[in-house]
Amino acid sequence: MAVPFLAVGGWTASLWRADPRDMTTYGLLSLFDLGTYAALALLVGGFLISLAKNKPEWLLALYLTTCIGLIHGTPAVLYKTLRYSWAYKHVGIVDYIQRTGAVDPSIAVGSIYHNWPAFFTAGALLTELAGSPDALRIATWAPVAFNLMNLLVLRYVYRGLTRNRRLIWLGLFFFFVINWVGQDYFSPQAMAYVGYLAVVGLLIRRSSRRAATLVPFVLIVAVVSASHQITPMMLLLAVTALVVLRRASGWYLPLLAGVLVAGWAFSAARSYTWPNIMELVVGLGRPVANAGETLEKTATIATGSQLAVIWGGRYVVLLATALALLGVWRSWRVRGLRITAVLLMVLPGVLVLVTGFGGEVLFRSFLFAAPFISFLAAAACLPRDGRGFPRRNLLLTTVVTVALLPGFLLSYYGKEHENYFTPAEVAAVSWVDDHARPGSLLVEGSRNYPTQFSNYERFTYVPIDREPEESWRKLLADPTDRLDDWLSNPDYTDAYVLITRSQKIAVDDNGSLPRGSLQRVEDALRASPKFRVVDDTGDAVVFSLADRGG
Amino acid sequence: MTAGRRLATAISLVLAALLLGRLSWDVHAVRMILALACCLVLPGLGWSRRMRLRDAGDTLALAVVLSISASVVVATAMALAGQWSTVWGTVVLLAVAGLGFVPSRTLQRLSPVPARSPRRAAVAGLGAADPDWVDWYADARRRSAAARARADAEARAIETQWADWYAREGGGMCPEPVEGRWSVP
């Protein structure tokens, strides 16, 4: 039992003096030293040995909880700010609800969040109950919270598939080793994912009390339908497949789920669904194109470290899936195909037939398949008869873990160089949010910064790196004249240009603009008499026109 | 749940509410923890226990999911109606939490929809005295064992009748049945 605490001590000691500003293109991994890896090895080794020795579940839970705390809690402690620009956007929606007490489905910016507001309304209620002025603190610790929920709910799911304790806990362990997708941040997807797992867990168990299944089923499906777009699709697929293949009883369940999902989409979310329904229809039956959207996003990456990060994730997917298929084959040879687990592993692939989801569908498919890939991979590592944990199986499991961990660490931590925002950047954005009047223009270097987390609806946002190539080339050729034109537009009450450290890193790493572009733009604006610096925190600078108030 | 445990649970909820009230103005971190409990654990805990999952981890898992669901429903309803009130939202969540611990029979008495028969009430899960959420595998085994026992008894009964028929009808055409000759081994 002392091992987890020793591991925490070792991990903390090794990262005590780490400065996130020193991260390289290998992200948080560049701050790891031998002590960090030793702590991780101690934790992983202790868990596997405890599993082999059939130690009590509370001890296994302590190991996994410690793993979750270290892996997902380290950025929260080390950075002292929230990571991921998308998380800040979600905080901004919560801020809107806190200020107005309502949602606005017809709002111009972020309308999709107002049409599926369930996560944000709950976040607003929690934030107000906690007495916080904003959801930043809650959002910072959200990855730890959501992963702990995943641990609880996934154990519930696995206990519906088997009562073999070793299989359950090894499956849980593998899940946290292969799940690099990073959808555990403060987001509707994270909450909807917990709901998806809970519904699967409910259905694969048989109860003689229909109310014990039906009432929670309706409630959770309704909540998922109101909180996210792709998870209800996956839920509907899973419910239908489980009922049709008689892995769950209740012929009416798919109909009920369909009514709830469609009901929300075409009623409360109609102002978003109807105008965008053609995009969904066009995406139907185009798996190659839908998958290609995800792969295209990575096509512009050139540097070795970035390729290592991308291929680290792909390698984990391939290895884990191969192991899962081995588990399927072994199960079939001995006990019969684990049809439910195989079905739920394969089914998320259908999502690729339905939508590209803005270039994210492959990641989301893997996310939904991961629990069952882990379960079947664990089955591959345990003895065929399900009894005991002989040394050769322990050795195999150790080898598999050692093979998977580097890929996981690379893909989960490898982009932290871009995802980390300094307190000074957050302060600069706060200044703009607090001083700008409604109807303002904000020209951003890129979207990779602590964006839109306060009074977000006051602005029209123009990221330079998302402009058409012709437009940004003209801007880079003569930044002062071009930006003077934009900021002089009388349609806007105030107008600002915001350039931050993290924007420069993202643009240079992703190649969305020529290397060093944003620094050149900043230098040009500083030197120009047409612009003045209204706020400079060292890591971020805010410009406005010299002859304009703000 | 025994009366003693119900009383202890009710007292715990009241104390928890008082503690929340007392501490909410003082200690931010404690308030955060209590807010998390109020939104993520308490509303669903009683309802999850009512499902009698026989495993603390499973019960806690469903408690969390049901609590999140309850928080979402309450908060979304307020936001869509434009009637946001943190106080009323909290009151509703605590009411949901409290109702989860109310005994089934009491809920049934308070329910406007009467159970038409004890069997219907049992199926609906209200008022059932015995836990009938069972491990499905153990349940299947028990049913199969009971069916086997019935079949064995029927087989033994048939053997006895067969022997009696021979004794009654066979006369000299058939050998006298030897006791145990037709017995199932």
# chains A, B, ... in the order shown; residues from 1 in each chain; ligands from 1
call {"tool": "interface_residues", "arguments": {"of": "chain A", "to": "chain B", "cutoff": "8 Å", "atoms": "only C-alpha atoms", "output": "NGL selection string"}}
result
:A and (97 or 101-103 or 117-119 or 121-122 or 124-126 or 128-131 or 149 or 152-153 or 155-156 or 194-195 or 198 or 205-212 or 216 or 219-220 or 223)
call {"tool": "residues_around", "arguments": {"residues": "range 178-190 of chain A", "least_positions_apart": "4", "cutoff": "8 Å", "atoms": "only C-alpha atoms", "output": "PyMOL selection string"}}
result
chain A and resi 87+90+118-120+139-140+142-143+146-147+174+194+227-228+231+313+316-317+320+363-364+366-367+370+374+404-405+408-409+411-412
call {"tool": "residues_around", "arguments": {"residues": "Trp86 in chain A", "least_positions_apart": "6", "cutoff": "10 Å", "atoms": "only C-alpha atoms", "output": "PyMOL selection string"}}
result
chain A and resi 92+185-187+419+447-453
call {"tool": "closest_residue", "arguments": {"among": "B:Ala157, B:Ala56, B:Leu42, B:Leu99", "to": "Ala16 in chain B", "atoms": "only C-alpha atoms"}}
result
B:Leu42
call {"tool": "residues_around", "arguments": {"residues": "Leu236 in chain A", "least_positions_apart": "2", "cutoff": "7 Å", "atoms": "only C-alpha atoms", "output": "list in words"}}
result
Pro232, Met233, Met234, Ala238, Val239, Thr240, Pro254, Ala257 and Gly258 of chain A
call {"tool": "write_last_selection", "arguments": {"atoms": "N, CA, C and O atoms", "output": "mmCIF file, in the first residue's frame"}}
result
data_model
loop_
_atom_site.group_PDB
_atom_site.id
_atom_site.type_symbol
_atom_site.label_atom_id
_atom_site.label_comp_id
_atom_site.auth_asym_id
_atom_site.auth_seq_id
_atom_site.Cartn_x
_atom_site.Cartn_y
_atom_site.Cartn_z
ATOM 1 N N PRO A 232 -25.004 11.055 -28.877
ATOM 2 C CA PRO A 232 -26.334 10.450 -29.042
ATOM 3 C C PRO A 232 -26.394 9.513 -30.241
ATOM 4 O O PRO A 232 -27.089 8.499 -30.203
ATOM 5 N N MET A 233 -25.679 9.855 -31.318
ATOM 6 C CA MET A 233 -25.662 8.952 -32.495
ATOM 7 C C MET A 233 -25.059 7.612 -32.094
ATOM 8 O O MET A 233 -25.591 6.540 -32.427
ATOM 9 N N MET A 234 -23.935 7.682 -31.378
ATOM 10 C CA MET A 234 -23.252 6.464 -30.961
ATOM 11 C C MET A 234 -24.133 5.676 -30.001
ATOM 12 O O MET A 234 -24.207 4.450 -30.062
ATOM 13 N N ALA A 238 -25.552 1.911 -30.470
ATOM 14 C CA ALA A 238 -25.249 0.859 -29.497
ATOM 15 C C ALA A 238 -26.534 0.217 -28.968
ATOM 16 O O ALA A 238 -26.632 -1.012 -28.874
ATOM 17 N N VAL A 239 -27.511 1.045 -28.629
ATOM 18 C CA VAL A 239 -28.767 0.507 -28.095
ATOM 19 C C VAL A 239 -29.442 -0.387 -29.138
ATOM 20 O O VAL A 239 -29.902 -1.494 -28.836
ATOM 21 N N THR A 240 -29.494 0.094 -30.371
ATOM 22 C CA THR A 240 -30.144 -0.682 -31.431
ATOM 23 C C THR A 240 -29.434 -2.009 -31.656
ATOM 24 O O THR A 240 -30.062 -3.067 -31.745
ATOM 25 N N PRO A 254 -34.619 1.074 -28.543
ATOM 26 C CA PRO A 254 -34.087 1.886 -29.644
ATOM 27 C C PRO A 254 -35.063 2.968 -30.092
ATOM 28 O O PRO A 254 -34.650 4.083 -30.440
ATOM 29 N N ALA A 257 -34.921 5.727 -27.524
ATOM 30 C CA ALA A 257 -33.686 6.501 -27.670
ATOM 31 C C ALA A 257 -33.759 7.390 -28.903
ATOM 32 O O ALA A 257 -33.363 8.557 -28.878
ATOM 33 N N GLY A 258 -34.283 6.842 -30.001
ATOM 34 C CA GLY A 258 -34.408 7.626 -31.230
ATOM 35 C C GLY A 258 -35.310 8.829 -31.044
ATOM 36 O O GLY A 258 -34.996 9.939 -31.507
#
call {"tool": "atom_distance", "arguments": {"atom1": "CA of Arg548 in chain A", "atom2": "CA of Arg501 in chain A"}}
result
25.3 Å
call {"tool": "residues_around", "arguments": {"residues": "Ala97 in chain B", "least_positions_apart": "5", "cutoff": "7 Å", "atoms": "only C-alpha atoms", "output": "compact mmCIF listing (two decimals) with all heavy atoms, in the first residue's frame"}}
result
# COMPACT_ATOMS: atom_id res chain seq x y z
N LEU B 42 -25.01 13.39 -4.28
CA LEU B 42 -26.19 13.28 -3.42
C LEU B 42 -27.51 13.03 -4.16
O LEU B 42 -28.27 12.15 -3.75
CB LEU B 42 -26.31 14.53 -2.54
CG LEU B 42 -25.32 14.61 -1.38
CD1 LEU B 42 -25.50 15.91 -0.61
CD2 LEU B 42 -25.47 13.42 -0.44
N PRO B 43 -27.82 13.77 -5.22
CA PRO B 43 -29.14 13.58 -5.81
C PRO B 43 -29.42 12.14 -6.26
O PRO B 43 -30.55 11.67 -6.18
CB PRO B 43 -29.13 14.54 -7.01
CG PRO B 43 -28.15 15.59 -6.66
CD PRO B 43 -27.09 14.88 -5.89
N GLY B 44 -28.39 11.46 -6.73
CA GLY B 44 -28.61 10.11 -7.26
C GLY B 44 -28.32 8.99 -6.28
O GLY B 44 -28.60 7.82 -6.58
N LEU B 45 -27.80 9.34 -5.11
CA LEU B 45 -27.31 8.29 -4.22
C LEU B 45 -28.45 7.40 -3.72
O LEU B 45 -28.37 6.17 -3.76
CB LEU B 45 -26.55 8.91 -3.04
CG LEU B 45 -25.87 7.93 -2.08
CD1 LEU B 45 -24.90 7.03 -2.84
CD2 LEU B 45 -25.14 8.68 -0.97
N GLY B 46 -29.52 8.03 -3.24
CA GLY B 46 -30.65 7.24 -2.74
C GLY B 46 -31.27 6.38 -3.83
O GLY B 46 -31.62 5.22 -3.61
call {"tool": "atom_distance", "arguments": {"atom1": "CA of Leu18 in chain B", "atom2": "CA of Thr100 in chain A"}}
result
29.4 Å
call {"tool": "atom_distance", "arguments": {"atom1": "CA of Gly201 in chain A", "atom2": "CA of Ala147 in chain B"}}
result
29.6 Å
call {"tool": "select_by_dssp", "arguments": {"residues": "range 68-185 of chain A", "states": "alpha helix (DSSP H)", "output": "MDAnalysis selection string"}}
result
chainID A and resid 68:79 85:100 111:115 118:129 136:140 142:161 165:178
call {"tool": "closest_residue", "arguments": {"among": "A:Ala7, A:Leu476, A:Ala322, A:Leu202", "to": "Val44 in chain A", "atoms": "only C-alpha atoms"}}
result
A:Ala7
call {"tool": "closest_residue", "arguments": {"among": "A:Trp311, A:Thr81, A:Tyr272, A:Asp508", "to": "Gly110 in chain A", "atoms": "only C-alpha atoms"}}
result
A:Tyr272
call {"tool": "decode", "arguments": {"residues": "range 110-144 of chain A", "atoms": "N, CA, C and O atoms", "output": "PDB file, in the first residue's frame"}}
result
ATOM      1  N   GLY A 110     -20.769  30.645 -31.289  1.00  0.00           N
ATOM      2  CA  GLY A 110     -20.953  29.525 -30.360  1.00  0.00           C
ATOM      3  C   GLY A 110     -22.384  29.048 -30.275  1.00  0.00           C
ATOM      4  O   GLY A 110     -22.814  28.564 -29.226  1.00  0.00           O
ATOM      5  N   SER A 111     -23.132  29.130 -31.364  1.00  0.00           N
ATOM      6  CA  SER A 111     -24.555  28.756 -31.292  1.00  0.00           C
ATOM      7  C   SER A 111     -24.737  27.274 -31.003  1.00  0.00           C
ATOM      8  O   SER A 111     -25.726  26.870 -30.386  1.00  0.00           O
ATOM      9  N   ILE A 112     -23.791  26.458 -31.447  1.00  0.00           N
ATOM     10  CA  ILE A 112     -23.933  25.013 -31.229  1.00  0.00           C
ATOM     11  C   ILE A 112     -23.975  24.693 -29.744  1.00  0.00           C
ATOM     12  O   ILE A 112     -24.704  23.794 -29.309  1.00  0.00           O
ATOM     13  N   TYR A 113     -23.255  25.465 -28.933  1.00  0.00           N
ATOM     14  CA  TYR A 113     -23.262  25.226 -27.484  1.00  0.00           C
ATOM     15  C   TYR A 113     -24.603  25.634 -26.868  1.00  0.00           C
ATOM     16  O   TYR A 113     -25.055  25.040 -25.896  1.00  0.00           O
ATOM     17  N   HIS A 114     -25.216  26.671 -27.416  1.00  0.00           N
ATOM     18  CA  HIS A 114     -26.502  27.117 -26.886  1.00  0.00           C
ATOM     19  C   HIS A 114     -27.638  26.195 -27.308  1.00  0.00           C
ATOM     20  O   HIS A 114     -28.709  26.221 -26.720  1.00  0.00           O
ATOM     21  N   ASN A 115     -27.410  25.427 -28.356  1.00  0.00           N
ATOM     22  CA  ASN A 115     -28.435  24.485 -28.802  1.00  0.00           C
ATOM     23  C   ASN A 115     -28.338  23.124 -28.111  1.00  0.00           C
ATOM     24  O   ASN A 115     -29.308  22.389 -28.053  1.00  0.00           O
ATOM     25  N   TRP A 116     -27.154  22.811 -27.622  1.00  0.00           N
ATOM     26  CA  TRP A 116     -26.973  21.612 -26.809  1.00  0.00           C
ATOM     27  C   TRP A 116     -26.340  22.062 -25.491  1.00  0.00           C
ATOM     28  O   TRP A 116     -25.162  21.835 -25.241  1.00  0.00           O
ATOM     29  N   PRO A 117     -27.132  22.717 -24.625  1.00  0.00           N
ATOM     30  CA  PRO A 117     -26.556  23.443 -23.486  1.00  0.00           C
ATOM     31  C   PRO A 117     -26.440  22.655 -22.180  1.00  0.00           C
ATOM     32  O   PRO A 117     -26.036  23.220 -21.175  1.00  0.00           O
ATOM     33  N   ALA A 118     -26.838  21.363 -22.209  1.00  0.00           N
ATOM     34  CA  ALA A 118     -26.997  20.657 -20.936  1.00  0.00           C
ATOM     35  C   ALA A 118     -25.726  20.702 -20.078  1.00  0.00           C
ATOM     36  O   ALA A 118     -25.780  20.940 -18.870  1.00  0.00           O
ATOM     37  N   PHE A 119     -24.585  20.443 -20.698  1.00  0.00           N
ATOM     38  CA  PHE A 119     -23.330  20.435 -19.928  1.00  0.00           C
ATOM     39  C   PHE A 119     -23.060  21.814 -19.328  1.00  0.00           C
ATOM     40  O   PHE A 119     -22.639  21.941 -18.172  1.00  0.00           O
ATOM     41  N   PHE A 120     -23.327  22.852 -20.099  1.00  0.00           N
ATOM     42  CA  PHE A 120     -22.972  24.194 -19.656  1.00  0.00           C
ATOM     43  C   PHE A 120     -23.905  24.686 -18.561  1.00  0.00           C
ATOM     44  O   PHE A 120     -23.478  25.400 -17.641  1.00  0.00           O
ATOM     45  N   THR A 121     -25.176  24.330 -18.649  1.00  0.00           N
ATOM     46  CA  THR A 121     -26.103  24.751 -17.601  1.00  0.00           C
ATOM     47  C   THR A 121     -25.734  24.078 -16.279  1.00  0.00           C
ATOM     48  O   THR A 121     -25.726  24.717 -15.229  1.00  0.00           O
ATOM     49  N   ALA A 122     -25.397  22.784 -16.351  1.00  0.00           N
ATOM     50  CA  ALA A 122     -24.977  22.094 -15.130  1.00  0.00           C
ATOM     51  C   ALA A 122     -23.679  22.695 -14.605  1.00  0.00           C
ATOM     52  O   ALA A 122     -23.506  22.858 -13.389  1.00  0.00           O
ATOM     53  N   GLY A 123     -22.781  23.050 -15.516  1.00  0.00           N
ATOM     54  CA  GLY A 123     -21.526  23.685 -15.099  1.00  0.00           C
ATOM     55  C   GLY A 123     -21.776  25.021 -14.423  1.00  0.00           C
ATOM     56  O   GLY A 123     -21.114  25.377 -13.444  1.00  0.00           O
ATOM     57  N   ALA A 124     -22.766  25.761 -14.941  1.00  0.00           N
ATOM     58  CA  ALA A 124     -23.093  27.058 -14.340  1.00  0.00           C
ATOM     59  C   ALA A 124     -23.674  26.871 -12.936  1.00  0.00           C
ATOM     60  O   ALA A 124     -23.338  27.618 -12.010  1.00  0.00           O
ATOM     61  N   LEU A 125     -24.545  25.878 -12.786  1.00  0.00           N
ATOM     62  CA  LEU A 125     -25.133  25.615 -11.466  1.00  0.00           C
ATOM     63  C   LEU A 125     -24.049  25.212 -10.472  1.00  0.00           C
ATOM     64  O   LEU A 125     -24.007  25.701  -9.340  1.00  0.00           O
ATOM     65  N   LEU A 126     -23.156  24.341 -10.892  1.00  0.00           N
ATOM     66  CA  LEU A 126     -22.061  23.910 -10.020  1.00  0.00           C
ATOM     67  C   LEU A 126     -21.160  25.087  -9.644  1.00  0.00           C
ATOM     68  O   LEU A 126     -20.765  25.238  -8.487  1.00  0.00           O
ATOM     69  N   THR A 127     -20.869  25.939 -10.623  1.00  0.00           N
ATOM     70  CA  THR A 127     -19.993  27.092 -10.372  1.00  0.00           C
ATOM     71  C   THR A 127     -20.635  28.045  -9.367  1.00  0.00           C
ATOM     72  O   THR A 127     -19.976  28.547  -8.459  1.00  0.00           O
ATOM     73  N   GLU A 128     -21.933  28.274  -9.530  1.00  0.00           N
ATOM     74  CA  GLU A 128     -22.625  29.184  -8.612  1.00  0.00           C
ATOM     75  C   GLU A 128     -22.705  28.579  -7.217  1.00  0.00           C
ATOM     76  O   GLU A 128     -22.526  29.275  -6.216  1.00  0.00           O
ATOM     77  N   LEU A 129     -22.979  27.283  -7.149  1.00  0.00           N
ATOM     78  CA  LEU A 129     -23.028  26.620  -5.845  1.00  0.00           C
ATOM     79  C   LEU A 129     -21.683  26.686  -5.141  1.00  0.00           C
ATOM     80  O   LEU A 129     -21.614  26.802  -3.911  1.00  0.00           O
ATOM     81  N   ALA A 130     -20.616  26.600  -5.918  1.00  0.00           N
ATOM     82  CA  ALA A 130     -19.278  26.637  -5.330  1.00  0.00           C
ATOM     83  C   ALA A 130     -18.851  28.050  -4.966  1.00  0.00           C
ATOM     84  O   ALA A 130     -17.790  28.242  -4.365  1.00  0.00           O
ATOM     85  N   GLY A 131     -19.651  29.020  -5.362  1.00  0.00           N
ATOM     86  CA  GLY A 131     -19.330  30.399  -5.032  1.00  0.00           C
ATOM     87  C   GLY A 131     -18.182  30.966  -5.849  1.00  0.00           C
ATOM     88  O   GLY A 131     -17.545  31.942  -5.444  1.00  0.00           O
ATOM     89  N   SER A 132     -17.892  30.376  -7.003  1.00  0.00           N
ATOM     90  CA  SER A 132     -16.791  30.868  -7.843  1.00  0.00           C
ATOM     91  C   SER A 132     -17.306  31.915  -8.813  1.00  0.00           C
ATOM     92  O   SER A 132     -18.422  31.805  -9.305  1.00  0.00           O
ATOM     93  N   PRO A 133     -16.491  32.924  -9.120  1.00  0.00           N
ATOM     94  CA  PRO A 133     -16.928  33.929 -10.096  1.00  0.00           C
ATOM     95  C   PRO A 133     -16.968  33.350 -11.512  1.00  0.00           C
ATOM     96  O   PRO A 133     -17.683  33.878 -12.368  1.00  0.00           O
ATOM     97  N   ASP A 134     -16.171  32.305 -11.757  1.00  0.00           N
ATOM     98  CA  ASP A 134     -16.160  31.684 -13.079  1.00  0.00           C
ATOM     99  C   ASP A 134     -15.816  30.210 -12.909  1.00  0.00           C
ATOM    100  O   ASP A 134     -15.502  29.751 -11.806  1.00  0.00           O
ATOM    101  N   ALA A 135     -15.864  29.495 -14.038  1.00  0.00           N
ATOM    102  CA  ALA A 135     -15.667  28.045 -13.977  1.00  0.00           C
ATOM    103  C   ALA A 135     -14.218  27.641 -14.229  1.00  0.00           C
ATOM    104  O   ALA A 135     -13.939  26.467 -14.448  1.00  0.00           O
ATOM    105  N   LEU A 136     -13.292  28.590 -14.203  1.00  0.00           N
ATOM    106  CA  LEU A 136     -11.906  28.262 -14.547  1.00  0.00           C
ATOM    107  C   LEU A 136     -11.302  27.216 -13.611  1.00  0.00           C
ATOM    108  O   LEU A 136     -10.623  26.291 -14.051  1.00  0.00           O
ATOM    109  N   ARG A 137     -11.568  27.397 -12.315  1.00  0.00           N
ATOM    110  CA  ARG A 137     -10.966  26.458 -11.359  1.00  0.00           C
ATOM    111  C   ARG A 137     -11.555  25.059 -11.513  1.00  0.00           C
ATOM    112  O   ARG A 137     -10.835  24.057 -11.477  1.00  0.00           O
ATOM    113  N   ILE A 138     -12.867  25.013 -11.692  1.00  0.00           N
ATOM    114  CA  ILE A 138     -13.516  23.707 -11.894  1.00  0.00           C
ATOM    115  C   ILE A 138     -12.991  23.059 -13.167  1.00  0.00           C
ATOM    116  O   ILE A 138     -12.690  21.868 -13.216  1.00  0.00           O
ATOM    117  N   ALA A 139     -12.878  23.874 -14.227  1.00  0.00           N
ATOM    118  CA  ALA A 139     -12.439  23.340 -15.516  1.00  0.00           C
ATOM    119  C   ALA A 139     -11.002  22.820 -15.442  1.00  0.00           C
ATOM    120  O   ALA A 139     -10.654  21.855 -16.114  1.00  0.00           O
ATOM    121  N   THR A 140     -10.177  23.459 -14.622  1.00  0.00           N
ATOM    122  CA  THR A 140      -8.772  23.041 -14.523  1.00  0.00           C
ATOM    123  C   THR A 140      -8.659  21.611 -14.002  1.00  0.00           C
ATOM    124  O   THR A 140      -7.787  20.861 -14.427  1.00  0.00           O
ATOM    125  N   TRP A 141      -9.541  21.239 -13.088  1.00  0.00           N
ATOM    126  CA  TRP A 141      -9.498  19.899 -12.498  1.00  0.00           C
ATOM    127  C   TRP A 141     -10.464  18.924 -13.156  1.00  0.00           C
ATOM    128  O   TRP A 141     -10.578  17.769 -12.729  1.00  0.00           O
ATOM    129  N   ALA A 142     -11.145  19.385 -14.188  1.00  0.00           N
ATOM    130  CA  ALA A 142     -12.104  18.507 -14.866  1.00  0.00           C
ATOM    131  C   ALA A 142     -11.491  17.211 -15.399  1.00  0.00           C
ATOM    132  O   ALA A 142     -12.137  16.160 -15.292  1.00  0.00           O
ATOM    133  N   PRO A 143     -10.288  17.216 -15.982  1.00  0.00           N
ATOM    134  CA  PRO A 143      -9.740  15.936 -16.474  1.00  0.00           C
ATOM    135  C   PRO A 143      -9.609  14.884 -15.374  1.00  0.00           C
ATOM    136  O   PRO A 143      -9.892  13.701 -15.610  1.00  0.00           O
ATOM    137  N   VAL A 144      -9.194  15.303 -14.188  1.00  0.00           N
ATOM    138  CA  VAL A 144      -9.085  14.329 -13.088  1.00  0.00           C
ATOM    139  C   VAL A 144     -10.474  13.808 -12.731  1.00  0.00           C
ATOM    140  O   VAL A 144     -10.685  12.601 -12.585  1.00  0.00           O
TER     141      VAL A 144
END
